[in-house]
>>> print(open('model-v1.pdb').read())   # PDB, C-alpha atoms
MODEL        1
ATOM      1  CA  MET A   1      14.713  18.117 -68.978
ATOM      2  CA  ARG A   2      14.571  16.609 -65.527
ATOM      3  CA  ARG A   3      11.819  17.946 -63.315
ATOM      4  CA  PRO A   4      13.102  19.112 -59.907
ATOM      5  CA  ASP A   5      11.779  17.537 -56.775
ATOM      6  CA  TYR A   6       8.878  18.944 -54.800
ATOM      7  CA  ASP A   7       9.271  18.724 -51.049
ATOM      8  CA  PRO A   8       6.847  16.010 -49.847
ATOM      9  CA  ARG A   9       6.983  17.368 -46.296
ATOM     10  CA  VAL A  10       4.697  20.258 -47.235
ATOM     11  CA  PRO A  11       1.210  18.736 -47.574
ATOM     12  CA  GLN A  12      -0.623  22.066 -47.633
ATOM     13  CA  VAL A  13      -0.010  25.637 -48.673
ATOM     14  CA  LYS A  14      -1.473  28.519 -46.694
ATOM     15  CA  LEU A  15      -2.968  31.247 -48.857
ATOM     16  CA  GLU A  16      -2.667  34.620 -47.169
ATOM     17  CA  GLY A  17      -4.946  37.292 -48.557
ATOM     18  CA  PHE A  18      -7.460  37.817 -51.324
ATOM     19  CA  HIS A  19      -4.962  37.817 -54.187
ATOM     20  CA  ALA A  20      -3.296  34.601 -53.048
ATOM     21  CA  VAL A  21      -6.647  32.817 -52.995
ATOM     22  CA  LYS A  22      -7.649  34.394 -56.306
ATOM     23  CA  HIS A  23      -4.523  33.267 -58.117
ATOM     24  CA  ALA A  24      -4.558  29.793 -56.609
ATOM     25  CA  VAL A  25      -8.126  29.233 -57.800
ATOM     26  CA  ARG A  26      -7.515  30.743 -61.236
ATOM     27  CA  PHE A  27      -4.484  28.583 -61.907
ATOM     28  CA  GLY A  28      -5.962  25.269 -60.904
ATOM     29  CA  ALA A  29      -4.803  24.690 -57.337
ATOM     30  CA  ARG A  30      -6.864  22.289 -55.287
ATOM     31  CA  VAL A  31      -8.098  24.881 -52.813
ATOM     32  CA  GLU A  32      -9.437  22.953 -49.858
ATOM     33  CA  ARG A  33     -10.820  25.807 -47.807
ATOM     34  CA  VAL A  34     -11.525  29.516 -48.250
ATOM     35  CA  VAL A  35     -12.213  31.546 -45.118
ATOM     36  CA  VAL A  36     -13.293  35.163 -44.741
ATOM     37  CA  LEU A  37     -13.925  37.461 -41.829
ATOM     38  CA  ASP A  38     -16.736  39.299 -43.598
ATOM     39  CA  ARG A  39     -18.564  37.932 -46.634
ATOM     40  CA  ASP A  40     -19.796  41.294 -47.905
ATOM     41  CA  SER A  41     -16.268  42.721 -47.820
ATOM     42  CA  ALA A  42     -14.888  39.677 -49.644
ATOM     43  CA  LEU A  43     -17.604  39.948 -52.291
ATOM     44  CA  ARG A  44     -16.827  43.613 -52.869
ATOM     45  CA  LEU A  45     -13.217  42.666 -53.516
ATOM     46  CA  ALA A  46     -14.304  39.889 -55.847
ATOM     47  CA  ARG A  47     -16.636  42.111 -57.857
ATOM     48  CA  SER A  48     -13.932  44.759 -58.326
ATOM     49  CA  HIS A  49     -10.839  42.566 -58.730
ATOM     50  CA  ALA A  50     -12.022  39.093 -59.747
ATOM     51  CA  PRO A  51     -15.572  39.077 -61.130
ATOM     52  CA  ASP A  52     -14.936  35.605 -62.549
ATOM     53  CA  LEU A  53     -14.606  34.286 -58.988
ATOM     54  CA  VAL A  54     -17.568  35.912 -57.253
ATOM     55  CA  ALA A  55     -19.142  32.504 -56.702
ATOM     56  CA  VAL A  56     -15.993  31.214 -54.994
ATOM     57  CA  PHE A  57     -15.885  34.038 -52.474
ATOM     58  CA  GLY A  58     -19.643  34.000 -52.079
ATOM     59  CA  ALA A  59     -19.386  30.398 -50.921
ATOM     60  CA  ALA A  60     -16.450  31.066 -48.567
ATOM     61  CA  GLU A  61     -16.713  30.107 -44.914
ATOM     62  CA  VAL A  62     -17.193  33.041 -42.542
ATOM     63  CA  VAL A  63     -15.065  32.511 -39.435
ATOM     64  CA  PRO A  64     -14.066  34.504 -36.339
ATOM     65  CA  VAL A  65     -10.602  36.053 -36.092
ATOM     66  CA  ALA A  66      -9.203  33.242 -33.946
ATOM     67  CA  GLU A  67     -10.204  30.581 -36.480
ATOM     68  CA  PHE A  68      -8.919  32.693 -39.357
ATOM     69  CA  GLU A  69      -5.532  32.940 -37.669
ATOM     70  CA  ARG A  70      -5.518  29.205 -36.989
ATOM     71  CA  VAL A  71      -6.251  28.335 -40.628
ATOM     72  CA  VAL A  72      -4.097  30.944 -42.346
ATOM     73  CA  GLY A  73      -1.424  31.408 -39.702
ATOM     74  CA  ARG A  74      -1.892  35.159 -39.262
ATOM     75  CA  THR A  75      -4.331  37.956 -39.872
ATOM     76  CA  HIS A  76      -4.553  39.721 -43.218
ATOM     77  CA  PRO A  77      -5.868  43.185 -44.133
ATOM     78  CA  THR A  78      -8.230  41.734 -46.765
ATOM     79  CA  GLY A  79      -9.822  39.360 -44.286
ATOM     80  CA  VAL A  80      -9.491  36.551 -46.827
ATOM     81  CA  GLY A  81      -7.405  33.406 -46.674
ATOM     82  CA  GLY A  82      -7.365  29.757 -47.488
ATOM     83  CA  VAL A  83      -5.545  26.471 -47.709
ATOM     84  CA  ALA A  84      -4.546  24.593 -50.869
ATOM     85  CA  ALA A  85      -3.107  21.143 -51.418
ATOM     86  CA  GLY A  86       0.492  21.269 -52.459
ATOM     87  CA  PRO A  87       3.095  21.975 -53.305
ATOM     88  CA  VAL A  88       2.151  20.921 -56.809
ATOM     89  CA  GLY A  89       2.502  23.187 -59.812
ATOM     90  CA  PRO A  90       2.205  22.812 -63.572
ATOM     91  CA  GLU A  91       4.749  20.924 -65.653
ATOM     92  CA  VAL A  92       7.931  22.728 -66.642
ATOM     93  CA  ARG A  93       7.592  24.389 -70.045
ATOM     94  CA  ARG A  94      10.499  24.472 -72.484
ATOM     95  CA  ASP A  95       9.096  27.066 -74.887
ATOM     96  CA  ALA A  96       9.981  29.806 -72.391
ATOM     97  CA  PRO A  97      13.067  30.356 -70.221
ATOM     98  CA  VAL A  98      13.364  28.742 -66.813
ATOM     99  CA  VAL A  99      14.673  30.992 -64.039
ATOM    100  CA  LEU A 100      17.329  29.370 -61.845
ATOM    101  CA  LEU A 101      18.114  31.092 -58.537
ATOM    102  CA  ASP A 102      21.483  29.942 -57.268
ATOM    103  CA  ASN A 103      21.285  29.603 -53.489
ATOM    104  CA  PRO A 104      18.892  32.530 -52.806
ATOM    105  CA  ARG A 105      18.755  33.752 -49.211
ATOM    106  CA  ASN A 106      15.968  36.340 -49.108
ATOM    107  CA  LEU A 107      12.549  34.698 -48.936
ATOM    108  CA  GLY A 108      10.700  37.819 -50.028
ATOM    109  CA  ASN A 109      12.885  38.177 -53.104
ATOM    110  CA  LEU A 110      12.319  34.556 -54.033
ATOM    111  CA  GLY A 111       8.558  35.017 -53.864
ATOM    112  CA  ALA A 112       8.734  38.226 -55.858
ATOM    113  CA  VAL A 113      10.706  36.381 -58.548
ATOM    114  CA  VAL A 114       7.925  33.798 -58.752
ATOM    115  CA  ARG A 115       5.436  36.618 -59.258
ATOM    116  CA  VAL A 116       7.511  38.175 -62.047
ATOM    117  CA  ALA A 117       8.115  34.815 -63.715
ATOM    118  CA  ALA A 118       4.408  34.024 -63.674
ATOM    119  CA  GLY A 119       3.633  37.388 -65.212
ATOM    120  CA  PHE A 120       6.007  36.800 -68.119
ATOM    121  CA  GLY A 121       4.947  33.185 -68.601
ATOM    122  CA  ALA A 122       8.361  31.751 -67.743
ATOM    123  CA  GLY A 123       8.900  28.021 -68.061
ATOM    124  CA  GLY A 124       9.549  27.630 -64.346
ATOM    125  CA  VAL A 125      11.424  28.888 -61.298
ATOM    126  CA  TRP A 126      14.055  26.621 -59.791
ATOM    127  CA  SER A 127      16.337  27.222 -56.867
ATOM    128  CA  THR A 128      19.419  25.573 -55.408
ATOM    129  CA  GLY A 129      20.462  25.605 -51.772
ATOM    130  CA  ASP A 130      18.573  24.965 -48.571
ATOM    131  CA  VAL A 131      15.831  27.616 -48.792
ATOM    132  CA  ASP A 132      12.426  26.049 -49.412
ATOM    133  CA  PRO A 133      10.812  27.833 -52.378
ATOM    134  CA  TRP A 134       7.403  26.861 -50.935
ATOM    135  CA  HIS A 135       8.107  28.405 -47.529
ATOM    136  CA  PRO A 136       5.060  30.389 -46.311
ATOM    137  CA  THR A 137       6.978  33.673 -46.593
ATOM    138  CA  VAL A 138       7.898  32.870 -50.201
ATOM    139  CA  VAL A 139       4.321  31.932 -51.051
ATOM    140  CA  ARG A 140       3.098  35.137 -49.410
ATOM    141  CA  ALA A 141       5.456  37.242 -51.513
ATOM    142  CA  GLY A 142       4.400  35.311 -54.622
ATOM    143  CA  ALA A 143       0.713  36.179 -54.045
ATOM    144  CA  GLY A 144      -0.452  32.659 -54.824
ATOM    145  CA  LEU A 145       1.286  32.553 -58.199
ATOM    146  CA  HIS A 146       3.263  29.452 -57.275
ATOM    147  CA  PHE A 147       0.342  27.652 -58.899
ATOM    148  CA  ALA A 148       0.776  29.569 -62.174
ATOM    149  CA  VAL A 149       4.384  28.588 -62.840
ATOM    150  CA  PRO A 150       6.392  25.490 -61.845
ATOM    151  CA  VAL A 151       8.340  26.262 -58.658
ATOM    152  CA  ALA A 152      10.707  23.736 -57.154
ATOM    153  CA  ARG A 153      14.094  23.163 -55.585
ATOM    154  CA  LEU A 154      16.747  21.629 -57.817
ATOM    155  CA  THR A 155      18.218  18.963 -55.566
ATOM    156  CA  GLY A 156      20.681  17.411 -58.011
ATOM    157  CA  GLY A 157      23.410  18.861 -60.140
ATOM    158  CA  LEU A 158      23.131  20.720 -63.427
ATOM    159  CA  GLU A 159      24.708  18.015 -65.543
ATOM    160  CA  ASP A 160      21.498  16.714 -67.060
ATOM    161  CA  VAL A 161      19.722  20.076 -67.395
ATOM    162  CA  ASP A 162      18.818  20.545 -71.051
ATOM    163  CA  GLY A 163      19.061  23.830 -72.893
ATOM    164  CA  PRO A 164      21.656  26.598 -72.775
ATOM    165  CA  VAL A 165      22.466  28.012 -69.351
ATOM    166  CA  VAL A 166      22.667  31.809 -69.497
ATOM    167  CA  ALA A 167      24.279  33.179 -66.344
ATOM    168  CA  PHE A 168      23.825  36.812 -65.361
ATOM    169  CA  ASP A 169      26.824  38.483 -63.777
ATOM    170  CA  ALA A 170      28.826  41.693 -64.050
ATOM    171  CA  GLY A 171      31.564  41.504 -66.642
ATOM    172  CA  GLY A 172      29.652  39.275 -69.024
ATOM    173  CA  VAL A 173      28.543  40.023 -72.557
ATOM    174  CA  ASP A 174      26.102  42.935 -72.672
ATOM    175  CA  VAL A 175      22.634  41.363 -72.736
ATOM    176  CA  ARG A 176      21.602  43.901 -75.382
ATOM    177  CA  ASP A 177      23.936  42.089 -77.782
ATOM    178  CA  PHE A 178      22.484  38.683 -76.955
ATOM    179  CA  ARG A 179      19.139  37.092 -77.723
ATOM    180  CA  VAL A 180      17.849  34.768 -75.046
ATOM    181  CA  PRO A 181      16.762  31.395 -76.498
ATOM    182  CA  ASP A 182      13.275  30.195 -75.620
ATOM    183  CA  ASP A 183      14.677  27.059 -73.981
ATOM    184  CA  ALA A 184      17.328  28.872 -71.928
ATOM    185  CA  VAL A 185      17.932  28.438 -68.217
ATOM    186  CA  LEU A 186      18.549  31.929 -66.818
ATOM    187  CA  ALA A 187      20.820  31.680 -63.788
ATOM    188  CA  PHE A 188      21.067  34.375 -61.129
ATOM    189  CA  GLY A 189      23.377  34.327 -58.114
ATOM    190  CA  SER A 190      22.478  34.954 -54.512
ATOM    191  CA  GLU A 191      22.032  38.481 -53.268
ATOM    192  CA  ARG A 192      25.225  38.367 -51.219
ATOM    193  CA  HIS A 193      27.604  35.912 -52.896
ATOM    194  CA  GLY A 194      26.628  35.902 -56.562
ATOM    195  CA  LEU A 195      26.929  32.832 -58.750
ATOM    196  CA  SER A 196      28.485  29.663 -57.379
ATOM    197  CA  ASP A 197      31.447  28.075 -59.148
ATOM    198  CA  ALA A 198      29.250  25.126 -60.117
ATOM    199  CA  VAL A 199      26.655  27.251 -61.904
ATOM    200  CA  ARG A 200      29.255  29.522 -63.466
ATOM    201  CA  GLY A 201      31.144  26.492 -64.726
ATOM    202  CA  ARG A 202      27.997  25.048 -66.289
ATOM    203  CA  ALA A 203      27.043  28.305 -68.007
ATOM    204  CA  ASP A 204      27.166  28.374 -71.781
ATOM    205  CA  VAL A 205      27.388  32.161 -71.747
ATOM    206  CA  VAL A 206      27.679  34.872 -69.092
ATOM    207  CA  VAL A 207      25.797  38.096 -69.774
ATOM    208  CA  SER A 208      25.438  41.347 -67.883
ATOM    209  CA  LEU A 209      22.620  43.827 -67.502
ATOM    210  CA  PRO A 210      23.189  47.474 -68.416
ATOM    211  CA  MET A 211      24.045  49.487 -65.336
ATOM    212  CA  ARG A 212      25.124  53.054 -64.706
ATOM    213  CA  PRO A 213      28.744  53.384 -63.516
ATOM    214  CA  GLY A 214      28.952  53.646 -59.764
ATOM    215  CA  VAL A 215      25.848  51.523 -59.131
ATOM    216  CA  SER A 216      26.900  48.215 -57.605
ATOM    217  CA  SER A 217      23.947  45.951 -58.328
ATOM    218  CA  TYR A 218      20.235  45.489 -58.904
ATOM    219  CA  ASN A 219      17.780  43.780 -56.627
ATOM    220  CA  LEU A 220      17.390  40.111 -57.589
ATOM    221  CA  THR A 221      13.766  40.519 -58.654
ATOM    222  CA  THR A 222      14.657  43.535 -60.772
ATOM    223  CA  SER A 223      17.399  41.555 -62.519
ATOM    224  CA  VAL A 224      15.043  38.681 -63.308
ATOM    225  CA  ALA A 225      12.380  41.076 -64.583
ATOM    226  CA  MET A 226      14.895  42.825 -66.856
ATOM    227  CA  ALA A 227      16.124  39.516 -68.261
ATOM    228  CA  LEU A 228      12.631  38.185 -68.957
ATOM    229  CA  TYR A 229      11.566  41.487 -70.490
ATOM    230  CA  HIS A 230      14.604  41.349 -72.776
ATOM    231  CA  TRP A 231      13.598  37.832 -73.830
ATOM    232  CA  GLU A 232       9.978  38.804 -74.416
ATOM    233  CA  LEU A 233      10.825  42.018 -76.286
ATOM    234  CA  PHE A 234      13.212  40.459 -78.780
ATOM    235  CA  ARG A 235      11.168  37.299 -79.196
ATOM    236  CA  ARG A 236       8.652  39.424 -81.112
ATOM    237  CA  ASP A 237      11.235  40.126 -83.802
ATOM    238  CA  ARG A 238      11.869  36.481 -84.616
TER     239      ARG A 238
ENDMDL
END
>>> encode(input="model-v1.pdb", output="structure tokens")
Amino acid sequence: MRRPDYDPRVPQVKLEGFHAVKHAVRFGARVERVVVLDRDSALRLARSHAPDLVAVFGAAEVVPVAEFERVVGRTHPTGVGGVAAGPVGPEVRRDAPVVLLDNPRNLGNLGAVVRVAAGFGAGGVWSTGDVDPWHPTVVRAGAGLHFAVPVARLTGGLEDVDGPVVAFDAGGVDVRDFRVPDDAVLAFGSERHGLSDAVRGRADVVVSLPMRPGVSSYNLTTSVAMALYHWELFRRDR
């Protein structure tokens, strides 16, 4: 399967908050700088939430608020931030589904999808359209987990994408009657317009999520989480 392009115009990724730094370090990012407003406070967080990384936060650079804002771009309640080289993530895996977001518009939703995909061990998160999946707002919502799962923009067409494309849309086959293959590409439409004709036309099957009558839709992140949970749950029975 072709690997999507990373945007070379983004030489660094700002890590906003303790958890963003924690995840970036844990998943092998080249973290170039870690800054804290108060070392003792950062160490308390490390001892309670990341004891494996106490040394990292113990060695962090203590800076004044103005320098913190310059490095990270804004303040943060945890008083922890950093900068990592990027955007570079791990290679796309094909033993787990890849999530394809078709022209997403909400940056927070895109980041939340990355977080969910990382939690389930998805093969990757791809997006089409003009929204940069490594935008600072997306990275913030992903809590640094862009480095735990491949995240990139799919700049070409879907013609040479390997594996079955499973599109999620109302009116499709009930997902409870369908088992998601490990090498599937799970396609989700934008929050406002749904699936594009191009993605729908490439789909090998269209499936729907169970939904109570009268409810119009789920949040994008909720839909992705439900689909990946369905895959993970029924994979155990194979």
>>> residues_near_point(input="model-v1.pdb", point="(-12.4, 39.6, -43.9)", cutoff="12 Å", atoms="only C-alpha atoms", output="ChimeraX atom specification")
/A:16-18,34-45,57,60-65,67-69,75-82
>>> closest_residue(input="model-v1.pdb", among="A:Ala29, A:Val131, A:Leu15, A:Leu209", to="Asp177 in chain A", atoms="only C-alpha atoms")
A:Leu209
>>> atom_distance(input="model-v1.pdb", atom1="CA of Asp174 in chain A", atom2="CA of Val206 in chain A")
9.0 Å
>>> atom_distance(input="model-v1.pdb", atom1="CA of Met226 in chain A", atom2="CA of Ala112 in chain A")
13.4 Å
>>> closest_residue(input="model-v1.pdb", among="A:Ala66, A:Ala24, A:Val165, A:Ala203", to="Ala85 in chain A", atoms="all atoms listed in the file")
A:Ala24
>>> closest_residue(input="model-v1.pdb", among="A:Thr155, A:Asn109, A:Ser48, A:Ser208", to="Ala187 in chain A", atoms="only C-alpha atoms")
A:Ser208
>>> closest_residue(input="model-v1.pdb", among="A:Asp52, A:Asp95, A:Glu32, A:Asp102", to="Gly194 in chain A", atoms="all atoms listed in the file")
A:Asp102
>>> atom_distance(input="model-v1.pdb", atom1="CA of Ala148 in chain A", atom2="CA of Val161 in chain A")
21.8 Å
>>> decode(input="model-v1.pdb", residues="range 164-193 of chain A", atoms="N, CA, C and O atoms", output="PDB file, in the first residue's frame")
ATOM      1  N   PRO A 164      -9.593  -3.927   1.256  1.00  0.00           N
ATOM      2  CA  PRO A 164     -10.996  -3.535   1.065  1.00  0.00           C
ATOM      3  C   PRO A 164     -11.300  -2.198   1.717  1.00  0.00           C
ATOM      4  O   PRO A 164     -10.869  -1.926   2.836  1.00  0.00           O
ATOM      5  N   VAL A 165     -12.042  -1.360   1.012  1.00  0.00           N
ATOM      6  CA  VAL A 165     -12.479  -0.082   1.563  1.00  0.00           C
ATOM      7  C   VAL A 165     -13.882  -0.266   2.121  1.00  0.00           C
ATOM      8  O   VAL A 165     -14.819  -0.609   1.387  1.00  0.00           O
ATOM      9  N   VAL A 166     -14.016  -0.067   3.424  1.00  0.00           N
ATOM     10  CA  VAL A 166     -15.298  -0.203   4.115  1.00  0.00           C
ATOM     11  C   VAL A 166     -15.766   1.198   4.471  1.00  0.00           C
ATOM     12  O   VAL A 166     -15.173   1.862   5.320  1.00  0.00           O
ATOM     13  N   ALA A 167     -16.817   1.658   3.787  1.00  0.00           N
ATOM     14  CA  ALA A 167     -17.326   3.006   4.013  1.00  0.00           C
ATOM     15  C   ALA A 167     -18.475   2.970   5.010  1.00  0.00           C
ATOM     16  O   ALA A 167     -19.339   2.084   4.941  1.00  0.00           O
ATOM     17  N   PHE A 168     -18.492   3.913   5.912  1.00  0.00           N
ATOM     18  CA  PHE A 168     -19.536   3.991   6.931  1.00  0.00           C
ATOM     19  C   PHE A 168     -20.509   5.104   6.570  1.00  0.00           C
ATOM     20  O   PHE A 168     -20.124   6.270   6.436  1.00  0.00           O
ATOM     21  N   ASP A 169     -21.785   4.713   6.414  1.00  0.00           N
ATOM     22  CA  ASP A 169     -22.800   5.676   6.037  1.00  0.00           C
ATOM     23  C   ASP A 169     -24.173   5.092   6.343  1.00  0.00           C
ATOM     24  O   ASP A 169     -24.364   3.868   6.315  1.00  0.00           O
ATOM     25  N   ALA A 170     -25.121   5.943   6.638  1.00  0.00           N
ATOM     26  CA  ALA A 170     -26.488   5.482   6.903  1.00  0.00           C
ATOM     27  C   ALA A 170     -27.038   4.767   5.672  1.00  0.00           C
ATOM     28  O   ALA A 170     -26.767   5.158   4.534  1.00  0.00           O
ATOM     29  N   GLY A 171     -27.782   3.724   5.897  1.00  0.00           N
ATOM     30  CA  GLY A 171     -28.364   2.977   4.792  1.00  0.00           C
ATOM     31  C   GLY A 171     -27.531   1.810   4.329  1.00  0.00           C
ATOM     32  O   GLY A 171     -27.967   1.030   3.475  1.00  0.00           O
ATOM     33  N   GLY A 172     -26.338   1.653   4.876  1.00  0.00           N
ATOM     34  CA  GLY A 172     -25.499   0.525   4.510  1.00  0.00           C
ATOM     35  C   GLY A 172     -25.888  -0.730   5.266  1.00  0.00           C
ATOM     36  O   GLY A 172     -26.822  -0.741   6.079  1.00  0.00           O
ATOM     37  N   VAL A 173     -25.140  -1.783   5.038  1.00  0.00           N
ATOM     38  CA  VAL A 173     -25.330  -3.037   5.754  1.00  0.00           C
ATOM     39  C   VAL A 173     -25.052  -2.809   7.239  1.00  0.00           C
ATOM     40  O   VAL A 173     -24.094  -2.111   7.597  1.00  0.00           O
ATOM     41  N   ASP A 174     -25.865  -3.361   8.099  1.00  0.00           N
ATOM     42  CA  ASP A 174     -25.651  -3.215   9.538  1.00  0.00           C
ATOM     43  C   ASP A 174     -24.279  -3.781   9.902  1.00  0.00           C
ATOM     44  O   ASP A 174     -23.959  -4.926   9.578  1.00  0.00           O
ATOM     45  N   VAL A 175     -23.442  -2.973  10.547  1.00  0.00           N
ATOM     46  CA  VAL A 175     -22.085  -3.397  10.861  1.00  0.00           C
ATOM     47  C   VAL A 175     -22.070  -4.643  11.746  1.00  0.00           C
ATOM     48  O   VAL A 175     -21.101  -5.401  11.748  1.00  0.00           O
ATOM     49  N   ARG A 176     -23.146  -4.882  12.485  1.00  0.00           N
ATOM     50  CA  ARG A 176     -23.207  -6.062  13.340  1.00  0.00           C
ATOM     51  C   ARG A 176     -23.294  -7.349  12.537  1.00  0.00           C
ATOM     52  O   ARG A 176     -23.054  -8.438  13.063  1.00  0.00           O
ATOM     53  N   ASP A 177     -23.608  -7.232  11.250  1.00  0.00           N
ATOM     54  CA  ASP A 177     -23.650  -8.395  10.365  1.00  0.00           C
ATOM     55  C   ASP A 177     -22.413  -8.478   9.482  1.00  0.00           C
ATOM     56  O   ASP A 177     -22.390  -9.226   8.498  1.00  0.00           O
ATOM     57  N   PHE A 178     -21.392  -7.712   9.830  1.00  0.00           N
ATOM     58  CA  PHE A 178     -20.200  -7.631   8.984  1.00  0.00           C
ATOM     59  C   PHE A 178     -18.965  -7.677   9.864  1.00  0.00           C
ATOM     60  O   PHE A 178     -18.904  -7.019  10.894  1.00  0.00           O
ATOM     61  N   ARG A 179     -17.993  -8.458   9.467  1.00  0.00           N
ATOM     62  CA  ARG A 179     -16.726  -8.512  10.194  1.00  0.00           C
ATOM     63  C   ARG A 179     -15.679  -7.706   9.438  1.00  0.00           C
ATOM     64  O   ARG A 179     -15.440  -7.944   8.252  1.00  0.00           O
ATOM     65  N   VAL A 180     -15.080  -6.788  10.119  1.00  0.00           N
ATOM     66  CA  VAL A 180     -14.105  -5.888   9.502  1.00  0.00           C
ATOM     67  C   VAL A 180     -12.784  -6.628   9.306  1.00  0.00           C
ATOM     68  O   VAL A 180     -12.187  -7.112  10.274  1.00  0.00           O
ATOM     69  N   PRO A 181     -12.291  -6.739   8.065  1.00  0.00           N
ATOM     70  CA  PRO A 181     -10.997  -7.389   7.845  1.00  0.00           C
ATOM     71  C   PRO A 181      -9.854  -6.593   8.472  1.00  0.00           C
ATOM     72  O   PRO A 181      -9.929  -5.368   8.602  1.00  0.00           O
ATOM     73  N   ASP A 182      -8.801  -7.302   8.844  1.00  0.00           N
ATOM     74  CA  ASP A 182      -7.654  -6.628   9.464  1.00  0.00           C
ATOM     75  C   ASP A 182      -7.022  -5.601   8.536  1.00  0.00           C
ATOM     76  O   ASP A 182      -6.476  -4.594   8.990  1.00  0.00           O
ATOM     77  N   ASP A 183      -7.061  -5.858   7.229  1.00  0.00           N
ATOM     78  CA  ASP A 183      -6.399  -4.960   6.281  1.00  0.00           C
ATOM     79  C   ASP A 183      -7.360  -3.951   5.658  1.00  0.00           C
ATOM     80  O   ASP A 183      -7.068  -3.360   4.618  1.00  0.00           O
ATOM     81  N   ALA A 184      -8.497  -3.722   6.296  1.00  0.00           N
ATOM     82  CA  ALA A 184      -9.504  -2.816   5.741  1.00  0.00           C
ATOM     83  C   ALA A 184      -9.074  -1.359   5.859  1.00  0.00           C
ATOM     84  O   ALA A 184      -8.280  -0.977   6.731  1.00  0.00           O
ATOM     85  N   VAL A 185      -9.599  -0.547   4.975  1.00  0.00           N
ATOM     86  CA  VAL A 185      -9.532   0.910   5.079  1.00  0.00           C
ATOM     87  C   VAL A 185     -10.940   1.374   5.453  1.00  0.00           C
ATOM     88  O   VAL A 185     -11.884   1.183   4.685  1.00  0.00           O
ATOM     89  N   LEU A 186     -11.087   1.932   6.644  1.00  0.00           N
ATOM     90  CA  LEU A 186     -12.391   2.344   7.150  1.00  0.00           C
ATOM     91  C   LEU A 186     -12.603   3.818   6.821  1.00  0.00           C
ATOM     92  O   LEU A 186     -11.911   4.687   7.348  1.00  0.00           O
ATOM     93  N   ALA A 187     -13.555   4.089   5.941  1.00  0.00           N
ATOM     94  CA  ALA A 187     -13.749   5.444   5.432  1.00  0.00           C
ATOM     95  C   ALA A 187     -14.945   6.111   6.109  1.00  0.00           C
ATOM     96  O   ALA A 187     -16.033   5.531   6.191  1.00  0.00           O
ATOM     97  N   PHE A 188     -14.716   7.339   6.552  1.00  0.00           N
ATOM     98  CA  PHE A 188     -15.754   8.122   7.223  1.00  0.00           C
ATOM     99  C   PHE A 188     -15.857   9.485   6.544  1.00  0.00           C
ATOM    100  O   PHE A 188     -14.838  10.133   6.290  1.00  0.00           O
ATOM    101  N   GLY A 189     -17.081   9.929   6.278  1.00  0.00           N
ATOM    102  CA  GLY A 189     -17.282  11.208   5.620  1.00  0.00           C
ATOM    103  C   GLY A 189     -17.110  12.383   6.551  1.00  0.00           C
ATOM    104  O   GLY A 189     -16.973  12.230   7.775  1.00  0.00           O
ATOM    105  N   SER A 190     -17.139  13.564   5.970  1.00  0.00           N
ATOM    106  CA  SER A 190     -16.992  14.783   6.765  1.00  0.00           C
ATOM    107  C   SER A 190     -18.225  14.993   7.636  1.00  0.00           C
ATOM    108  O   SER A 190     -19.298  14.443   7.385  1.00  0.00           O
ATOM    109  N   GLU A 191     -18.047  15.806   8.657  1.00  0.00           N
ATOM    110  CA  GLU A 191     -19.126  16.029   9.608  1.00  0.00           C
ATOM    111  C   GLU A 191     -20.348  16.658   8.952  1.00  0.00           C
ATOM    112  O   GLU A 191     -21.481  16.399   9.363  1.00  0.00           O
ATOM    113  N   ARG A 192     -20.143  17.454   7.926  1.00  0.00           N
ATOM    114  CA  ARG A 192     -21.260  18.177   7.318  1.00  0.00           C
ATOM    115  C   ARG A 192     -21.780  17.516   6.046  1.00  0.00           C
ATOM    116  O   ARG A 192     -22.994  17.434   5.832  1.00  0.00           O
ATOM    117  N   HIS A 193     -20.858  17.008   5.200  1.00  0.00           N
ATOM    118  CA  HIS A 193     -21.263  16.565   3.869  1.00  0.00           C
ATOM    119  C   HIS A 193     -21.230  15.048   3.683  1.00  0.00           C
ATOM    120  O   HIS A 193     -21.666  14.558   2.639  1.00  0.00           O
TER     121      HIS A 193
END
